[in-house]
Every structure is written in structure tokens, then in C-alpha cells.
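Student: Here it is: the structure, laid out below.
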2 protein chains.
Amino acid sequence: MELWYSEMHTPNVKLSIRVNRQLFSQQSEYQRIDVFQSEQFGCFLTLDGAMMLTEKDEFIYHEMISHVPMAVHPNIRRVLVIGGGDGGAVRELLRYPGVSHIDLAEIDPLVVEVCRQYLPQVSCGLDDPRVHIHYEDGLKYVRGKEDEYDLIIVDSTDPFGPGENLFTKEFYGSCYKALKADGIMVNQQESPYYEEDAIAMQRAHKRIVQSFPISRIYQAHIPTYPSGHWAFGFASKRYHPLKDLDDRAWEQLHLQTRYYTTKVHRGAFALPAYVEELVRDVE
Amino acid sequence: MELWYSEMHTPNVKLSIRVNRQLFSQQSEYQRIDVFQSEQFGCFLTLDGAMMLTEKDEFIYHEMISHVPMAVHPNIRRVLVIGGGDGGAVRELLRYPGVSHIDLAEIDPLVVEVCRQYLPQVSCGLDDPRVHIHYEDGLKYVRGKEDEYDLIIVDSTDPFGPGENLFTKEFYGSCYKALKADGIMVNQQESPYYEEDAIAMQRAHKRIVQSFPISRIYQAHIPTYPSGHWAFGFASKRYHPLKDLDDRAWEQLHLQTRYYTTKVHRGAFALPAYVEELVRDVE
């Protein structure tokens with residue numbers, strides 16, 4: 001018998017992963033949640049059929065969404081993670097002794113429960129006393145907060161379905177207000193390659209540019225995401241993602257990483273000409 | 001009706017592209033050659049079933065294999081392209097007025113013929129008077145040549161089948177001899193992500209390190225290649241790929257590119273920590 005999980009990256013391209021067995025499948029209040037066991041990528045989680053993370057390559061996404069802002073801002077203490085119920089971003093943040101408080105606003109309790117059970121190496125930080133989980137819509141959670149966080153990480157699903165709110169102008173404006181005067185917001189921002197994803201990337205970038213004085217795109221190689229070329233947004237009130245990167249300070253923390261290095265950090269902001277053009281078009 | 005081309009990236013992962021129709025299919029003396037028309041990637045060429053290039057994303061591979069050495073060496077006149085019968089690397093090289101002579105050693109005449117017919121936007125430079133096509137095995141062609149080229153581009157297939165010779169120590173040694181005292185060799189070097197590809201990348205790097213005093217890996221985002229994360233080798237007798245990059249000189253050529261920029265050049269050499277480790281292990 002052959003069992004394959006396939007994700008349509010566009011209506012004309014699909015990536016398929018051979019599955020040993022399906023470990024979990026349930027419709028939550030918000031979305032369909034599945035967990036599969038595979039030879040190639042170990043255990044992996046999908047939401048409404050879309051790949052969220054795999055045991056084998058999640059380190060790329062989680063390191064790049066966390067260490068980039070952490071290496072720029074010299075004193076991050078209070079962090080808000082929106083989405084990210086798998087705990088991967090939280091796990092990376094907890095490696096910094098300076099981080100004293102993490103709020104995690106995840107809309108779907110079942111995502112957290114499932115990741116605790118099937119992906120313990122990702123969710124392992126969720127029981128840390130510094131972490132406070134709030135089962136709430138990210139937009140509602142952040143709305144009305146003022147001057148509270150040094151860093152907000154928007155670790156959302158795609159901009160359709162439950163994650164849709166997290167790509168609106170109102171949401172980015174609320175994040176701006178919730179951040180301190182030198183705060184940073186980082187978000188997952190789709191792929192620059194396939195047209196529909198690139199339009200979503202542009203739309204988000206345009207809205208963030210309208211809310212934050214500094215807004216840049218950076219990228220990583222993520223094999224299980226559409227096209228393998230994934231974009232993140234770096235939005236900031238004061239710190240510049242490259243000029244304020246303190247290589248030495250970060251290296252002195254002696255964090256063992258598998259993807260992120262301060263060299264990779266600099267390289268990640270060097271966008272291909274066609275991506276620069278997409279970004280410039282909406283600035 | 002649905003018609004899908006699928007390539008196994010590993011025994012457990014496959015990428016599938018919806019095909020409008022198959023334009024060409026023939027077994028040459030060396031390999032099976034197919035051309036397909038697709039909505040997503042336009043026309044694309046496969047050899048023995050493996051994706052070689054698509055109309056839509058070939059610019060990434062061809063720009064990165066050509067402009068990186070061209071922006072480092074200040075005076076490239078004579079170039080040897082090994083493999084690359086599609087003409088994509090040649091097309092990029094011809095944009096430099098300083099390039100006076102290009103030898104193309106392609107083993108399979110049918111690849112050239114098929115690309116002339118179905119991929120004219122890629123093969124368009126092959127009739128340029130500066131280009132000299134030799135239908136010969138790359139290893140045999142380069143063996144015995146001495147002090148002839150400023151640049152050798154090894155635009156090979158994978159290290160199994162007809163391309164196998166182009167990953168041997170003997171071949172790299174012959175390229176070293178065929179290069180002038182300040183020559184550069186660039187080669188496509190598989191993907192660092194999936195284990196089998198990563199081993200091929202390591203093996204090639206190890207052999208190149210033994211032949212050249214300067215040997216570095218760089219990378220690009222290529223959506224249609226396994227994992228989307230593709231590696232190139234930069235091997236050189238004198239010029240360093242970053243220290244000798246002259247941004248200003250390259251920018252003054254005013255070449256319109258869609259992927260390559262000198263910033264991307266620098267970023268491409270910033271390898272993820274796990275890739276740095278793979279590379280260090282064989283140095």
C-alpha cells in the first residue's frame with residue numbers, strides 16, 4: 001500500500017509526501033487538524049490540509065522567525081506570539097535568558113493539545129513558567145494593548161480562513177500600538193514565487209509599510225513550503241534589521257542553531273531582483 | 001483529463017506539475033529527452049525524467065551560475081561551458097561585451113536541437129559567432145587542455161548517468177589545468193537538503209577542495225529543483241568570491257537581471273548553519 005499526503009501549492013503544482021500513517025485527524029471549532037507520520041519528514045502537522053510544520057525542517061522556520069529580531073533588539077524582555085500554538089517560536093525565544101515574559105495568543109486550543117501530544121520536541125517550552133497561553137483570536141487579544149511588548153511574532157496560518165484577521169491593516173496598527181517605542185514585529189509573509197502567494201506577500205507588506213517606519217522582507221529556504229522560498233516581514237519602530245544587528249553580542253550568547261547565523265541573517269535580507277521589484281511596487 | 005509530470009525528489013517526496021501536453025519525447029544515444037507544456041512553468045525540459053529547466057524559473061539557475069563568477073573576475077574573455085546544451089548559461093555570458101570566445105562541450109546533440117526548437121528564449125545565444133559547440137563528453141574535451149580559459153562553467157546533470165564523469169577528481173583536476181593562472185570554475189552542485197543530494201554535494205566539494213586553493217559553496221532558491229534549495233560550487237585559483245567582488249564595476253555594466261544582484265551574490269554565500277557543517281566536514 002502507498003499512502004501520500006499532497007498539498008496543492010497552486011492549482012497546477014503539488015508536493016506529495018509519503019506517509020506511514022495518519023496519527024490524528026479532527027475538525028476543531030476553527031479548522032481541520034491532521035498529524036501524519038512520514039519517513040522523510042518525521043511527524044508533521046497540517047491545518048485545513050496545508051503544511052504547517054514537519055519535525056525535520058521546522059527548525060528553519062522557527063529559527064528565522066525568532067532569532068532575526070532577537071539579534072537586532074538588544075533588550076527584549078516581553079514578547080507576544082500570535083498564532084504559533086505549536087510552540088516552536090516560543091521554544092526558540094526561551095533560549096534567551098533576557099526574555100522574562102511570553103504571551104501566546106492562539107485561537108485554537110486543539111492545536112496546542114495536538115502539538116503537546118505529537119510534537120513534544122516543538123511544543124516543549126509551552127509549560128515554562130515564563131509562558132502564558134491565551135486561547136483567543138490574535139486581533140482581539142492585541143486590540144487595545146499599549147506599550148506592552150518589545151517584540152511581537154505573528155506566526156500565523158495563510159491569509160485565508162482563521163488566519164485572515166492577522167493580515168489586516170487594523171491588526172498591524174494594533175500591533176504597532178501594543179509595542180514599546182523601540183518594539184519590533186516579525187511575521188510570516190508567504191512566498192514571493194507563486195503569483196497568488198506573492199500577491200499576499202505584497203498586500204501584507206503594503207499594509208505594514210503604512211503602519212511602521214521601518215519595514216523589510218527577509219527570506220529562508222523551507223523545503224516543505226510552496227516553492228521552498230519563504231518570506232518574513234521585519235517591521236520596526238526604531239531598530240534597523242541590518243544596521244542594528246550586533247553580531248558579536250548574539251554570538252556571545254553561544255546559542256546552538258542549525259539554520260540561523262548572523263551571516264545568514266544578513267544574507268536573508270538580500271532579496272532576488274524580482275522580489276525587490278515586488279516589494280518596491282507597494283512601498 | 002488530468003496529465004501530471006512527477007519527479008521523485010527522494011523515494012518519499014515528489015513534486016508534480018500539471019501538463020497541458022507533451023511536446024517531445026525521444027531516447028537519444030545518452031538519455032531520454034522530454035519536453036512538456038505547462039500552465040505553471042511554461043515549457044519545460046526533462047532528461048531521464050529529471051527536471052532540467054522550465055521557461056518560468058530558468059532565469060534563477062542561469063543567472064546564478066553565470067553572473068557570480070563574471071562579477072568577481074575582472075577580465076573574463078575565454079569561457080568553457082560543459083553540459084549546458086540548453087544554452088541558458090551561454091545566453092547570460094554573451095551579455096558581457098568582454099567575453100570573446102565560448103566553447104560549449106555538450107555530449108548530446110539532441111539536447112541542443114530540442115532546446116533550439118522548443119526553448120528559443122533559452123537557446124537564443126547558441127548561434128552567436130562567439131559560441132563554438134563541440135558535441136563531446138566534457139571530461140574528454142577538457143582533458144589535456146592547458147592555460148586556455150578564464151572561466152569554466154560546469155552546467156551538468158546529476159552525478160548519475162551521463163553527467164557522472166563531471167563529478168570526478170580527474171575532471172576537476174583537468175579543469176584546473178585548463179584554466180589560466182587566475183581562472184575560476186563554477187559548477188552546479190546539487191541540493192544541501194535531502195540526504196542523498198547533500199552527500200553528492202559534499203563529495204563534489206571535497207574533490208574540488210583538493211584541486212583548487214579557493215573553494216566555496218553558494219546557493220539559490222530554485223522552485224522546481226529538489227527542496228528548492230540549490231547549491232553551486234565556486235572554485236578559484238586566485239580570486240575570492242566575496243573579497244574580489246567589485247559591485248560597482250558590475251553595476252556599471254547595467255545588465256538587467258531578475259534574480260542576481262551583487263547583494264544577492266554576497267547573501268548567496270551565507271550558508272545556513274547545517275550546510276556550513278556539511279561543508280566543513282569535508283574540508
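Ligands are numbered from 1 in the order shown, residues from 1 within each chain, and chains are lettered A, B, ... in the order they appear in the C-alpha cells.
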At a cut-off of 8 Å, which residues of chain B touch chain A? Count only C-alpha atoms and give the answer as an MDAnalysis selection string.
Tutor: chainID B and resid 12:18 39:40 193 221:224 227:229 257:261 263:264 266:274
Student: Taking the DSSP assignment computed from this structure's backbone, write out as JSON, numbers by chain all residues of range 13-190 of chain B that belong to helix (DSSP H, G or I).
Tutor: {"B": [58, 59, 60, 61, 62, 63, 64, 65, 66, 67, 68, 69, 70, 71, 72, 88, 89, 90, 91, 92, 93, 109, 110, 111, 112, 113, 114, 115, 116, 117, 118, 120, 121, 122, 123, 138, 139, 140, 141, 142, 161, 162, 163, 164, 165, 166, 167, 169, 170, 171, 172, 173, 174, 175, 176, 177, 178]}
Student: Give me, please, the distance in Å between CA of Gly144 in chain A and CA of Tyr172 in chain A, quoted to one decimal.
Tutor: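 One can read the CA of Gly144 in chain A to CA of Tyr172 in chain A distance as 12.4 Å.
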Student: Would you mind listing what lies within 7 Å of Ala105 in chain A as a ChimeraX atom specification, with only C-alpha atoms counted and same-chain residues fewer than 2 positions away left out?
Tutor: /A:81-83,103,107,133-138,141
Student: Enumerate the residues of range 26-253 of chain B with a DSSP assignment of strand (DSSP E or B), computed from the backbone, and present them as JSON, numbers by chain.
Tutor: {"B": [26, 27, 32, 33, 34, 35, 36, 37, 38, 42, 43, 44, 45, 46, 47, 50, 51, 52, 53, 54, 78, 79, 80, 81, 82, 83, 101, 102, 103, 104, 105, 131, 132, 133, 134, 149, 150, 151, 152, 153, 154, 155, 179, 180, 181, 182, 183, 184, 185, 186, 187, 188, 214, 215, 216, 217, 218, 219, 220, 221, 229, 230, 231, 232, 233, 234, 235, 236]}
Student: Please list as a list of chain:residue names every residue within 12 Å of Arg248 in chain A, counting only C-alpha atoms and excluding residues in the same chain fewer than 2 positions away.
Tutor: A:Ala71, A:Val72, A:Pro74, A:Asp244, A:Leu245, A:Asp246, A:Trp250, A:Glu251, A:Gln252, A:Leu253, A:His254, A:Thr261, A:Thr262, A:Lys263
Student: Pick from B:Ala249, B:Val279, B:Leu126, B:Met1: nearest to Ile217 in chain B, with only C-alpha atoms counted?
Tutor: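 Of B:Ala249, B:Val279, B:Leu126, B:Met1, the one nearest Ile217 in chain B is B:Val279, counting only C-alpha atoms.
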Student: Measuring between only C-alpha atoms, which one of A:Glu164, A:Glu283, A:Glu148, A:Asp197 shows the shortest distance to Gln210 in chain A?
Tutor: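 Nearest to Gln210 in chain A: A:Glu283.
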Student: When you draw a straight line from CA of Leu93 in chain A to CA of Met52 in chain A, how long is it in Å?
Tutor: 19.1 Å
Student: For Val154 in chain B, work out the shell of residues within 12 Å, counting only C-alpha atoms and skipping chain neighbours fewer than 3 positions away, then give it as number ranges by chain.
Tutor: B: 62, 65-66, 79-85, 89-90, 103-106, 138-139, 142, 151, 157-159, 163, 165-167, 171-172, 175, 184-189, 204, 232-235
Student: Work out how far CA of Gly173 in chain A is from CA of Leu278 in chain A, in Å to one decimal.
Tutor: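 Going from CA of Leu278 in chain A over to CA of Gly173 in chain A covers 22.6 Å.
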